[in-house]
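Engineer: Have a peek at query.txt (compact mmCIF, C-alpha atoms).
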```
# COMPACT_ATOMS: atom_id res chain seq x y z
CA MET A 9 -3.08 -26.50 -32.09
CA THR A 10 -6.61 -25.39 -31.32
CA THR A 11 -5.80 -21.97 -29.93
CA ALA A 12 -3.00 -19.79 -31.21
CA LEU A 13 -1.14 -19.36 -27.94
CA LYS A 14 1.63 -16.82 -27.82
CA GLU A 15 2.46 -17.21 -24.15
CA TRP A 16 2.78 -20.47 -22.29
CA PRO A 17 -0.33 -20.87 -20.13
CA LEU A 18 -0.27 -19.90 -16.46
CA TRP A 19 -0.23 -22.58 -13.75
CA GLU A 20 -0.76 -22.37 -10.00
CA VAL A 21 1.69 -24.33 -7.89
CA PHE A 22 0.90 -26.11 -4.61
CA VAL A 23 3.65 -27.69 -2.54
CA ARG A 24 3.49 -30.17 0.34
CA SER A 25 6.40 -29.16 2.54
CA LYS A 26 6.56 -32.45 4.38
CA GLN A 27 4.72 -35.73 4.66
CA GLY A 28 1.62 -35.28 6.81
CA LEU A 29 1.03 -31.63 5.92
CA GLU A 30 -1.36 -30.26 3.30
CA HIS A 31 -0.36 -28.90 -0.08
CA LYS A 32 -0.15 -25.14 0.12
CA HIS A 33 -0.36 -22.58 -2.66
CA CYS A 34 3.09 -21.11 -3.18
CA GLY A 35 2.95 -19.23 -6.47
CA SER A 36 2.49 -19.49 -10.19
CA LEU A 37 4.47 -19.96 -13.37
CA HIS A 38 4.13 -20.29 -17.12
CA ALA A 39 4.66 -23.67 -18.77
CA ALA A 40 3.68 -25.33 -22.03
CA ASP A 41 2.08 -28.38 -20.39
CA ALA A 42 1.56 -30.11 -17.05
CA ALA A 43 4.77 -32.14 -17.16
CA GLN A 44 6.83 -29.05 -17.86
CA ALA A 45 4.94 -27.11 -15.19
CA LEU A 46 5.92 -29.76 -12.61
CA GLU A 47 9.57 -29.64 -13.61
CA MET A 48 9.64 -25.88 -13.51
CA ALA A 49 7.84 -25.80 -10.17
CA ARG A 50 10.55 -28.07 -8.80
CA ASP A 51 13.27 -25.72 -10.04
CA VAL A 52 11.55 -22.55 -8.97
CA TYR A 53 9.85 -23.44 -5.69
CA THR A 54 11.83 -26.33 -4.20
CA ARG A 55 15.49 -25.46 -4.75
CA ARG A 56 16.15 -25.84 -1.04
CA GLN A 57 14.16 -28.96 -0.23
CA GLU A 58 10.99 -27.01 0.47
CA GLY A 59 8.79 -29.82 -0.75
CA VAL A 60 8.09 -33.54 -1.01
CA SER A 61 5.15 -33.27 -3.42
CA ILE A 62 3.92 -30.76 -5.98
CA TRP A 63 0.52 -30.12 -7.55
CA VAL A 64 0.08 -27.89 -10.57
CA VAL A 65 -3.23 -26.74 -12.00
CA GLN A 66 -3.92 -24.35 -14.83
CA SER A 67 -4.94 -21.01 -13.38
CA LYS A 68 -7.92 -20.77 -15.75
CA ASP A 69 -9.39 -23.94 -14.20
CA ILE A 70 -9.71 -22.37 -10.77
CA THR A 71 -13.12 -20.96 -9.88
CA ALA A 72 -12.83 -18.24 -7.27
CA SER A 73 -15.46 -16.49 -5.17
CA ASN A 74 -16.09 -12.88 -6.03
CA PRO A 75 -14.59 -10.47 -3.49
CA ASP A 76 -17.43 -7.99 -4.18
CA GLU A 77 -19.87 -10.57 -2.85
CA LYS A 78 -17.78 -11.36 0.18
CA GLY A 79 -20.39 -9.82 2.46
CA GLU A 80 -23.35 -11.93 1.30
CA LEU A 81 -21.29 -15.06 0.75
CA PHE A 82 -19.90 -15.26 4.25
CA ASP A 83 -22.76 -13.53 6.04
CA PRO A 84 -24.63 -16.74 7.05
CA ALA A 85 -21.71 -17.67 9.32
CA ALA A 86 -21.51 -14.30 11.00
CA ASP A 87 -24.45 -14.61 13.46
CA LYS A 88 -24.04 -18.22 14.53
CA ILE A 89 -21.85 -17.86 17.53
CA TYR A 90 -23.41 -21.04 18.97
CA ARG A 91 -21.14 -22.91 16.56
CA HIS A 92 -18.19 -22.05 18.77
CA PRO A 93 -17.39 -23.98 21.97
CA THR A 94 -16.94 -20.76 23.95
CA PHE A 95 -20.69 -20.07 23.50
CA TYR A 96 -21.47 -22.66 26.18
CA GLU A 97 -20.91 -22.11 29.87
CA ILE A 98 -19.90 -25.22 31.75
CA PRO A 99 -19.40 -25.35 35.55
CA GLU A 100 -15.76 -24.99 36.47
CA GLU A 101 -15.73 -28.23 38.47
CA VAL A 102 -16.23 -30.15 35.21
CA GLY A 103 -12.72 -29.17 34.20
CA HIS A 104 -11.47 -29.34 30.66
CA MET A 105 -14.11 -30.26 28.10
CA MET B 30 18.13 -9.59 -5.75
CA TYR B 31 18.04 -6.05 -6.33
CA THR B 32 15.47 -3.40 -6.14
CA GLN B 33 16.08 0.23 -6.31
CA SER B 34 13.69 1.89 -3.99
CA PHE B 35 13.08 4.57 -6.53
CA ASN B 36 10.18 4.10 -8.82
CA VAL B 37 11.03 6.15 -11.87
CA PRO B 38 8.75 6.73 -14.83
CA ASP B 39 9.47 4.16 -17.52
CA ASN B 40 9.38 6.61 -20.38
CA ALA B 41 12.93 7.81 -20.92
CA GLY B 42 14.39 11.03 -19.77
CA GLY B 43 12.57 12.21 -16.71
CA LYS B 44 13.05 12.39 -13.03
CA THR B 45 10.12 11.35 -10.90
CA VAL B 46 7.01 13.47 -11.34
CA PRO B 47 4.20 13.81 -8.83
CA LEU B 48 1.08 11.77 -9.62
CA ALA B 49 -2.18 13.47 -10.51
CA PRO B 50 -4.88 13.63 -7.83
CA SER B 51 -7.38 10.77 -7.71
CA THR B 52 -10.60 10.85 -9.73
CA GLU B 53 -11.88 7.53 -8.36
CA ASP B 54 -15.31 6.61 -7.02
CA PRO B 55 -15.32 8.19 -3.52
CA VAL B 56 -17.16 5.28 -1.85
CA LEU B 57 -14.78 2.63 -3.17
CA GLN B 58 -11.84 4.92 -2.50
CA ALA B 59 -12.94 5.39 1.10
CA ALA B 60 -13.24 1.62 1.65
CA PHE B 61 -9.80 1.13 0.14
CA ASP B 62 -8.28 3.90 2.29
CA ALA B 63 -9.88 2.42 5.40
CA ARG B 64 -8.37 -0.97 4.70
CA ILE B 65 -4.93 0.57 4.12
CA ASP B 66 -5.24 2.62 7.32
CA ALA B 67 -6.07 -0.55 9.26
CA ASP B 68 -2.86 -2.05 7.82
CA GLY B 69 -4.97 -4.52 5.85
CA ARG B 70 -3.89 -6.25 2.65
CA ILE B 71 -5.14 -5.77 -0.89
CA GLU B 72 -5.60 -8.89 -3.03
CA PRO B 73 -5.73 -9.11 -6.85
CA GLN B 74 -9.53 -9.19 -7.25
CA ASP B 75 -10.14 -6.33 -4.79
CA TRP B 76 -11.01 -2.87 -6.02
CA MET B 77 -8.01 -0.56 -6.04
CA PRO B 78 -7.38 2.96 -7.35
CA GLU B 79 -5.90 3.01 -10.84
CA ALA B 80 -2.86 4.93 -9.63
CA TYR B 81 -2.17 2.27 -6.97
CA ARG B 82 -2.37 -0.44 -9.62
CA LYS B 83 -0.12 1.47 -12.02
CA THR B 84 2.45 2.24 -9.35
CA LEU B 85 2.57 -1.42 -8.33
CA VAL B 86 2.85 -2.72 -11.88
CA ARG B 87 5.70 -0.34 -12.55
CA GLN B 88 7.52 -1.03 -9.30
CA ILE B 89 7.10 -4.82 -9.35
CA SER B 90 8.01 -5.15 -13.03
CA GLN B 91 11.06 -2.90 -12.58
CA HIS B 92 11.98 -5.10 -9.65
CA ALA B 93 11.53 -8.26 -11.75
CA HIS B 94 13.55 -6.81 -14.64
CA SER B 95 16.33 -6.00 -12.17
CA GLU B 96 16.49 -9.63 -11.08
CA ILE B 97 16.70 -10.81 -14.66
CA VAL B 98 19.28 -8.27 -15.84
CA GLY B 99 21.12 -8.85 -12.55
CA MET B 100 21.96 -12.36 -13.74
CA LEU B 101 24.13 -10.95 -16.54
CA PRO B 102 27.08 -9.33 -14.73
CA GLU B 103 27.45 -12.39 -12.48
CA GLY B 104 26.70 -14.89 -15.23
CA ASN B 105 29.77 -13.57 -17.02
CA TRP B 106 31.88 -15.00 -14.21
CA ILE B 107 30.45 -18.53 -14.06
CA SER B 108 32.98 -19.88 -16.56
CA ARG B 109 35.82 -18.00 -14.86
CA ALA B 110 35.10 -18.78 -11.20
CA PRO B 111 38.35 -19.68 -9.43
CA SER B 112 37.25 -23.13 -8.22
CA LEU B 113 34.54 -25.71 -8.75
CA LYS B 114 33.08 -24.81 -5.36
CA ARG B 115 32.81 -21.11 -6.25
CA LYS B 116 31.36 -22.01 -9.62
CA ALA B 117 28.64 -24.16 -8.05
CA ILE B 118 27.82 -21.36 -5.57
CA LEU B 119 27.66 -18.76 -8.31
CA ILE B 120 25.42 -20.91 -10.50
CA ALA B 121 23.08 -21.41 -7.52
CA LYS B 122 22.99 -17.67 -6.89
CA VAL B 123 22.32 -16.77 -10.50
CA GLN B 124 19.58 -19.41 -10.60
CA ASP B 125 18.04 -17.81 -7.50
CA GLU B 126 17.98 -14.45 -9.27
CA GLY B 127 16.10 -16.00 -12.16
CA GLY B 128 13.64 -17.46 -9.66
CA HIS B 129 13.24 -14.09 -7.94
CA GLY B 130 12.46 -12.52 -11.29
CA LEU B 131 9.81 -15.15 -11.83
CA TYR B 132 8.14 -14.67 -8.43
CA LEU B 133 7.96 -10.97 -9.14
CA TYR B 134 6.67 -11.26 -12.72
CA SER B 135 3.95 -13.55 -11.34
CA ALA B 136 3.03 -10.98 -8.70
CA ALA B 137 2.83 -8.24 -11.35
CA GLU B 138 0.71 -10.45 -13.61
CA THR B 139 -1.99 -10.59 -10.93
CA LEU B 140 -2.51 -6.89 -11.63
CA GLY B 141 -3.58 -7.60 -15.19
CA THR B 142 -0.35 -7.07 -17.09
CA SER B 143 0.86 -10.02 -19.15
CA ARG B 144 4.35 -11.46 -19.00
CA ASP B 145 4.83 -10.68 -22.68
CA GLN B 146 3.87 -7.04 -22.14
CA MET B 147 6.41 -6.73 -19.35
CA LEU B 148 9.17 -8.44 -21.31
CA ASP B 149 8.40 -6.22 -24.24
CA GLY B 150 8.79 -3.19 -21.96
CA LEU B 151 12.21 -4.40 -20.87
CA HIS B 152 13.43 -5.45 -24.29
CA SER B 153 12.30 -2.30 -26.05
CA GLY B 154 14.16 -0.21 -23.47
CA ARG B 155 10.91 1.43 -22.24
CA ALA B 156 11.03 -0.15 -18.79
CA LYS B 157 13.71 0.53 -16.22
CA TYR B 158 15.74 -1.83 -14.10
CA SER B 159 18.17 -1.19 -11.29
CA SER B 160 20.97 0.97 -12.67
CA ILE B 161 23.51 -0.90 -10.54
CA PHE B 162 23.74 -3.50 -13.31
CA ASN B 163 24.88 -0.99 -15.84
CA TYR B 164 28.38 -1.09 -14.37
CA PRO B 165 30.95 -3.71 -15.40
CA THR B 166 32.23 -6.61 -13.26
CA LEU B 167 35.96 -6.30 -13.96
CA THR B 168 37.51 -8.88 -11.62
CA TRP B 169 36.52 -11.87 -9.49
CA ALA B 170 36.45 -9.54 -6.48
CA ASP B 171 33.50 -7.75 -8.10
CA VAL B 172 31.45 -10.93 -7.77
CA GLY B 173 32.17 -11.00 -4.03
CA VAL B 174 31.43 -7.30 -3.64
CA ILE B 175 28.14 -7.63 -5.51
CA GLY B 176 27.08 -10.31 -3.03
CA TRP B 177 28.23 -8.36 0.00
CA LEU B 178 27.23 -4.80 -0.90
CA VAL B 179 24.71 -4.94 -3.74
CA ASP B 180 22.75 -7.80 -2.22
CA GLY B 181 23.26 -6.27 1.20
CA ALA B 182 21.69 -3.02 0.01
CA ALA B 183 18.90 -4.96 -1.68
CA ILE B 184 18.13 -6.82 1.55
CA MET B 185 17.73 -3.51 3.40
CA ASN B 186 15.25 -2.47 0.74
CA GLN B 187 13.41 -5.73 0.49
CA VAL B 188 12.80 -6.68 4.09
CA PRO B 189 10.26 -3.86 4.58
CA LEU B 190 8.57 -4.87 1.31
CA CYS B 191 7.55 -8.15 2.97
CA ARG B 192 4.94 -5.99 4.74
CA CYS B 193 3.76 -4.30 1.55
CA SER B 194 0.00 -3.71 1.35
CA TYR B 195 -0.32 -5.69 -1.88
CA GLY B 196 -0.58 -9.36 -0.91
CA PRO B 197 1.10 -11.06 -3.90
CA TYR B 198 4.06 -8.64 -3.82
CA ALA B 199 4.51 -9.11 -0.07
CA ARG B 200 4.37 -12.90 -0.40
CA ALA B 201 6.89 -12.89 -3.24
CA MET B 202 9.21 -10.76 -1.12
CA VAL B 203 8.99 -13.14 1.83
CA ARG B 204 10.21 -15.92 -0.45
CA VAL B 205 12.93 -13.72 -1.92
CA CYS B 206 14.21 -12.51 1.45
CA LYS B 207 14.51 -16.08 2.71
CA GLU B 208 16.94 -16.81 -0.11
CA GLU B 209 18.78 -13.52 -0.05
CA SER B 210 20.91 -14.01 3.01
CA PHE B 211 22.86 -16.78 1.26
CA HIS B 212 23.72 -14.30 -1.49
CA GLN B 213 25.22 -11.77 0.83
CA ARG B 214 27.07 -14.27 2.99
CA GLN B 215 28.65 -16.14 0.07
CA GLY B 216 29.94 -12.83 -1.33
CA TYR B 217 31.36 -11.66 1.96
CA GLU B 218 32.98 -15.02 2.59
CA ALA B 219 34.55 -15.07 -0.88
CA LEU B 220 36.09 -11.69 -0.07
CA LEU B 221 37.32 -12.89 3.34
CA VAL B 222 39.16 -15.68 1.54
CA MET B 223 40.70 -13.24 -0.94
CA MET B 224 41.84 -11.03 1.92
CA THR B 225 43.98 -13.90 3.25
CA GLY B 226 45.71 -14.10 -0.13
CA THR B 227 48.46 -12.15 -1.89
CA ASP B 228 48.82 -8.37 -1.83
CA GLU B 229 47.53 -8.33 -5.36
CA GLN B 230 44.38 -10.19 -4.35
CA LYS B 231 43.81 -7.84 -1.41
CA ALA B 232 44.24 -4.86 -3.71
CA MET B 233 41.68 -6.39 -6.04
CA VAL B 234 39.11 -6.48 -3.22
CA GLN B 235 39.82 -2.90 -2.23
CA ASP B 236 39.57 -1.77 -5.85
CA ALA B 237 36.20 -3.49 -6.27
CA VAL B 238 34.89 -1.92 -3.04
CA ASN B 239 36.08 1.49 -4.24
CA ARG B 240 34.23 1.11 -7.52
CA TRP B 241 30.95 -0.23 -6.08
CA TRP B 242 30.49 1.65 -2.81
CA TRP B 243 28.91 4.84 -4.14
CA LYS B 244 26.79 2.98 -6.67
CA CYS B 245 25.36 0.92 -3.81
CA LEU B 246 24.47 4.02 -1.81
CA ALA B 247 22.65 5.36 -4.87
CA MET B 248 20.63 2.12 -5.11
CA PHE B 249 18.38 3.39 -2.33
CA GLY B 250 17.12 6.08 -4.66
CA PRO B 251 17.13 9.89 -4.53
CA PRO B 252 17.09 11.72 -1.18
CA ASP B 253 13.65 11.89 0.42
CA ALA B 254 13.37 15.59 -0.43
CA ASP B 255 13.65 14.73 -4.16
CA SER B 256 11.25 11.76 -4.12
CA PRO B 257 7.84 13.32 -4.69
CA ASN B 258 6.04 9.96 -4.88
CA SER B 259 7.61 8.48 -1.78
CA ALA B 260 4.92 9.98 0.42
CA LEU B 261 2.19 8.41 -1.68
CA GLY B 262 3.99 5.06 -1.64
CA MET B 263 4.10 5.35 2.15
CA ARG B 264 0.43 6.34 2.27
CA TRP B 265 -0.43 3.23 0.28
CA GLY B 266 1.71 0.92 2.36
CA ILE B 267 3.84 0.03 -0.67
CA LYS B 268 6.85 1.72 0.80
CA ARG B 269 7.41 1.35 4.52
CA VAL B 270 10.77 3.02 5.15
CA SER B 271 12.14 6.11 3.39
CA ASN B 272 15.13 6.07 1.00
CA ASP B 273 17.38 8.07 3.33
CA GLU B 274 16.48 5.97 6.35
CA LEU B 275 17.30 2.74 4.49
CA ARG B 276 20.56 4.20 3.18
CA GLN B 277 21.59 5.17 6.70
CA LYS B 278 20.77 1.70 7.97
CA PHE B 279 22.92 0.21 5.23
CA VAL B 280 25.89 2.47 5.98
CA ASP B 281 25.66 1.74 9.71
CA ALA B 282 25.54 -2.00 9.09
CA THR B 283 28.35 -2.02 6.53
CA VAL B 284 31.07 -0.02 8.28
CA PRO B 285 31.82 -2.70 10.90
CA GLN B 286 31.70 -5.40 8.21
CA ALA B 287 34.31 -3.51 6.18
CA LYS B 288 36.51 -3.32 9.25
CA VAL B 289 36.38 -7.08 9.82
CA LEU B 290 37.12 -7.63 6.16
CA GLY B 291 40.08 -5.25 6.31
CA VAL B 292 39.04 -2.81 3.60
CA THR B 293 38.31 0.91 3.70
CA LEU B 294 35.19 2.52 2.29
CA PRO B 295 36.07 5.25 -0.23
CA ASP B 296 34.49 8.22 1.56
CA PRO B 297 36.64 10.77 3.43
CA ASP B 298 33.49 12.14 5.10
CA LEU B 299 32.49 8.80 6.57
CA LYS B 300 32.64 9.08 10.36
CA TRP B 301 30.67 8.18 13.46
CA ASN B 302 28.37 10.93 14.68
CA GLU B 303 28.02 10.53 18.43
CA GLU B 304 25.07 12.89 18.61
CA ARG B 305 23.02 11.16 15.89
CA GLN B 306 24.29 7.70 16.82
CA HIS B 307 24.81 7.07 13.11
CA TYR B 308 27.61 7.32 10.58
CA ASP B 309 27.78 10.52 8.55
CA TYR B 310 28.65 10.03 4.90
CA GLY B 311 29.54 12.20 1.92
CA GLN B 312 27.68 13.47 -1.12
CA ILE B 313 26.36 11.00 -3.68
CA ASP B 314 26.87 11.94 -7.34
CA TRP B 315 23.21 12.10 -8.41
CA ALA B 316 24.00 13.54 -11.84
CA GLU B 317 25.94 10.37 -12.64
CA PHE B 318 23.12 8.24 -11.20
CA TRP B 319 20.48 9.84 -13.44
CA GLU B 320 22.75 9.62 -16.47
CA THR B 321 22.94 5.86 -15.91
CA VAL B 322 19.22 5.49 -15.17
CA ASN B 323 18.47 7.30 -18.39
CA GLY B 324 20.52 4.93 -20.49
CA ASN B 325 23.99 6.41 -20.60
CA GLY B 326 25.86 4.24 -18.10
CA PRO B 327 28.90 2.21 -19.15
CA CYS B 328 26.98 -1.05 -19.80
CA ASN B 329 23.35 -0.09 -20.51
CA LYS B 330 23.51 -0.98 -24.19
CA GLU B 331 25.52 -4.14 -23.70
CA ARG B 332 23.20 -5.49 -20.95
CA LEU B 333 20.04 -4.87 -22.90
CA ALA B 334 21.49 -6.32 -26.10
CA THR B 335 22.60 -9.46 -24.23
CA ARG B 336 19.18 -9.84 -22.64
CA VAL B 337 17.34 -9.40 -25.95
CA LYS B 338 19.66 -11.86 -27.68
CA ALA B 339 19.11 -14.47 -24.94
CA HIS B 340 15.35 -14.05 -25.30
CA ASN B 341 15.41 -14.26 -29.09
CA ASP B 342 17.76 -17.24 -29.05
CA GLY B 343 15.28 -19.02 -26.78
CA GLN B 344 12.29 -18.43 -29.06
CA TRP B 345 12.61 -21.82 -30.78
CA VAL B 346 12.59 -23.54 -27.37
CA ARG B 347 9.37 -21.81 -26.36
CA ASP B 348 7.81 -22.60 -29.73
CA ALA B 349 8.95 -26.22 -29.60
CA ALA B 350 7.54 -26.71 -26.09
CA LEU B 351 4.16 -25.39 -27.20
CA ALA B 352 4.16 -27.49 -30.36
CA HIS B 353 5.07 -30.57 -28.31
CA ALA B 354 2.29 -29.87 -25.79
CA ALA B 355 -0.26 -29.43 -28.59
CA LYS B 356 0.84 -32.62 -30.30
CA LYS B 357 0.66 -34.60 -27.08
CA GLN B 358 -2.79 -33.21 -26.33
CA ALA B 359 -4.01 -34.13 -29.81
CA ARG B 360 -2.65 -37.67 -29.40
CA GLU B 361 -4.37 -38.08 -26.03
CA MET B 362 -7.67 -36.88 -27.48
CA ARG B 363 -7.37 -39.26 -30.42
CA ASP B 364 -6.57 -42.18 -28.10
CA ALA B 365 -9.54 -41.30 -25.89
CA ALA B 366 -11.91 -41.16 -28.89
```
Would you mind writing the structure in this file as structure tokens?

Structural biologist:
Amino acid sequence: MTTALKEWPLWEVFVRSKQGLEHKHCGSLHAADAAQALEMARDVYTRRQEGVSIWVVQSKDITASNPDEKGELFDPAADKIYRHPTFYEIPEEVGHM
Amino acid sequence: MYTQSFNVPDNAGGKTVPLAPSTEDPVLQAAFDARIDADGRIEPQDWMPEAYRKTLVRQISQHAHSEIVGMLPEGNWISRAPSLKRKAILIAKVQDEGGHGLYLYSAAETLGTSRDQMLDGLHSGRAKYSSIFNYPTLTWADVGVIGWLVDGAAIMNQVPLCRCSYGPYARAMVRVCKEESFHQRQGYEALLVMMTGTDEQKAMVQDAVNRWWWKCLAMFGPPDADSPNSALGMRWGIKRVSNDELRQKFVDATVPQAKVLGVTLPDPDLKWNEERQHYDYGQIDWAEFWETVNGNGPCNKERLATRVKAHNDGQWVRDAALAHAAKKQAREMRDAA
């Protein structure tokens, strides 16, 4: 073993609730490896047929944006209201567009 | 699933003490307060006052411990369930409790406390869990009553927690609450069946109700006047409804259920108050409650010892799984090379 692990590593669990829908984050769990993480995710998060497919990924492999930089990160989108359809006025007689 | 809406200090011996005033950065504190006031949510990476973090870690881990210890009194009955159907139901319920513990440990871990630290707190006796599990389950009727009353009380407590200001806790509670209704209904239904049985079986149900009723009322925690941190919990959006209000809701909901079931609730002072439009109820024995919280209930030692033994007995499984994962990884790396 390369690292002396005391705890099983942490995994994030994503479940597709039914065919045609996206996988959605539903929680996390500890497991020794990916195969065990999948089995545990089945037992923990799909005991009542909540899913048809499961993804697991080690939590340490997720790169997340920094909430302290939320302002700057999302600022470029804030002043571009012309990206929304409601920005444009269309004569009523045109109907739905 | 079982929380106790009290949030007692984990170090032994004390009743709740008021928290010290904040010494946090005023700018960050103001932004945090503004978000709470706007009924916003706090997520793991957001800045939060240390006292908020500490309160949450304590409350969520106590909640998680309660789920885990809560498996023990019911687990004792799996091998003695009266039919295969009841056994399957009970196994499913106990498995749910384990799952609830896991959702909650995961939520607490987002606050920077490791699973091992929390387990160590429980196993060393430092951390608290709901004192309701420090009472014995003497007959099969106890299993039904735990579902009906203990889970019923827990549901009252947990539904408002779905709107808790801390995102991961609220999301865990949504999941828990979805599964909880099965727990209460299976218990109540098991009792309904017993009440169609022999006089001895009916007496068993009544006896179990008599033994659990007051303990369930105490689950909601001390009266509001004796809960110095309740106000802060409310301020922070961790607690949404007061202990006394939840207790009243539980009493009002349970009285008609008891009537349908055909049992009496063991409280001579229990009566409808036309003016308040609520049931009045008698005095709860808080001295006994605190005795149990502080380790001197009938089963405290037995529960903890069983839990520690289960954990220690599972050590080789955890070690083996890690060793297997490491071996497999090494093999894959060698094959790739």

Engineer: Please measure the separation of atom CA of B:Ala354 and atom CA of A:Leu37, giving the value in Å to one decimal.

Structural biologist: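 Separating atom CA of B:Ala354 from atom CA of A:Leu37 is a distance of 16.0 Å.
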
Engineer: Can you tell me, as a list of chain:residue names, what residues are no more than 10 Å from A:Lys32 when counting only C-alpha atoms, ignoring any on the same chain fewer than 2 positions away?

Structural biologist: A:Val21, A:Phe22, A:Val23, A:Arg24, A:Ser25, A:Leu29, A:Glu30, A:Cys34, A:Gly35, A:Ile62, A:Trp63

Engineer: So that I can see what lies close to B:Arg264, please list as a list in words the residues with an atom at most 12 Å from it, counting only C-alpha atoms and leaving out residues fewer than 2 positions away in the same chain.

Structural biologist: Phe61, Asp62, Ala63, Arg64, Ile65, Asp66, Ala67, Asp68, Tyr81, Cys193, Ser194, Asn258, Ser259, Ala260, Leu261, Gly262, Gly266, Ile267, Lys268, Arg269, Val270 and Ser271 of chain B

Engineer: So which residues touch B:Asp309 within 10 Å, counting all atoms listed in the file, skipping near sequence neighbours fewer than 4 positions away, as a list in words?

Structural biologist: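 Surrounding residues, per the criterion: Gln277, Val280, Asp281, Asp296, Asp298, Leu299, Lys300, Trp301, Asn302, Glu303 and Arg305 of chain B.
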
Engineer: Would you output that residue set with C-alpha atoms, as a CSV table (one decimal), in the coordinates of the input?

Structural biologist:
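Saved the output as part_35.csv:
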```csv
chain,number,residue,atom,x,y,z
B,277,GLN,CA,21.6,5.2,6.7
B,280,VAL,CA,25.9,2.5,6.0
B,281,ASP,CA,25.7,1.7,9.7
B,296,ASP,CA,34.5,8.2,1.6
B,298,ASP,CA,33.5,12.1,5.1
B,299,LEU,CA,32.5,8.8,6.6
B,300,LYS,CA,32.6,9.1,10.4
B,301,TRP,CA,30.7,8.2,13.5
B,302,ASN,CA,28.4,10.9,14.7
B,303,GLU,CA,28.0,10.5,18.4
B,305,ARG,CA,23.0,11.2,15.9
```

Engineer: Do a neighbour search on stretch 166-170 of chain B at 8 Å with all atoms listed in the file, toss out local chain neighbours closer than 4 positions, and write the hits as number ranges by chain.

Structural biologist: B: 102-103, 106, 110, 174, 220, 223, 233-234, 237
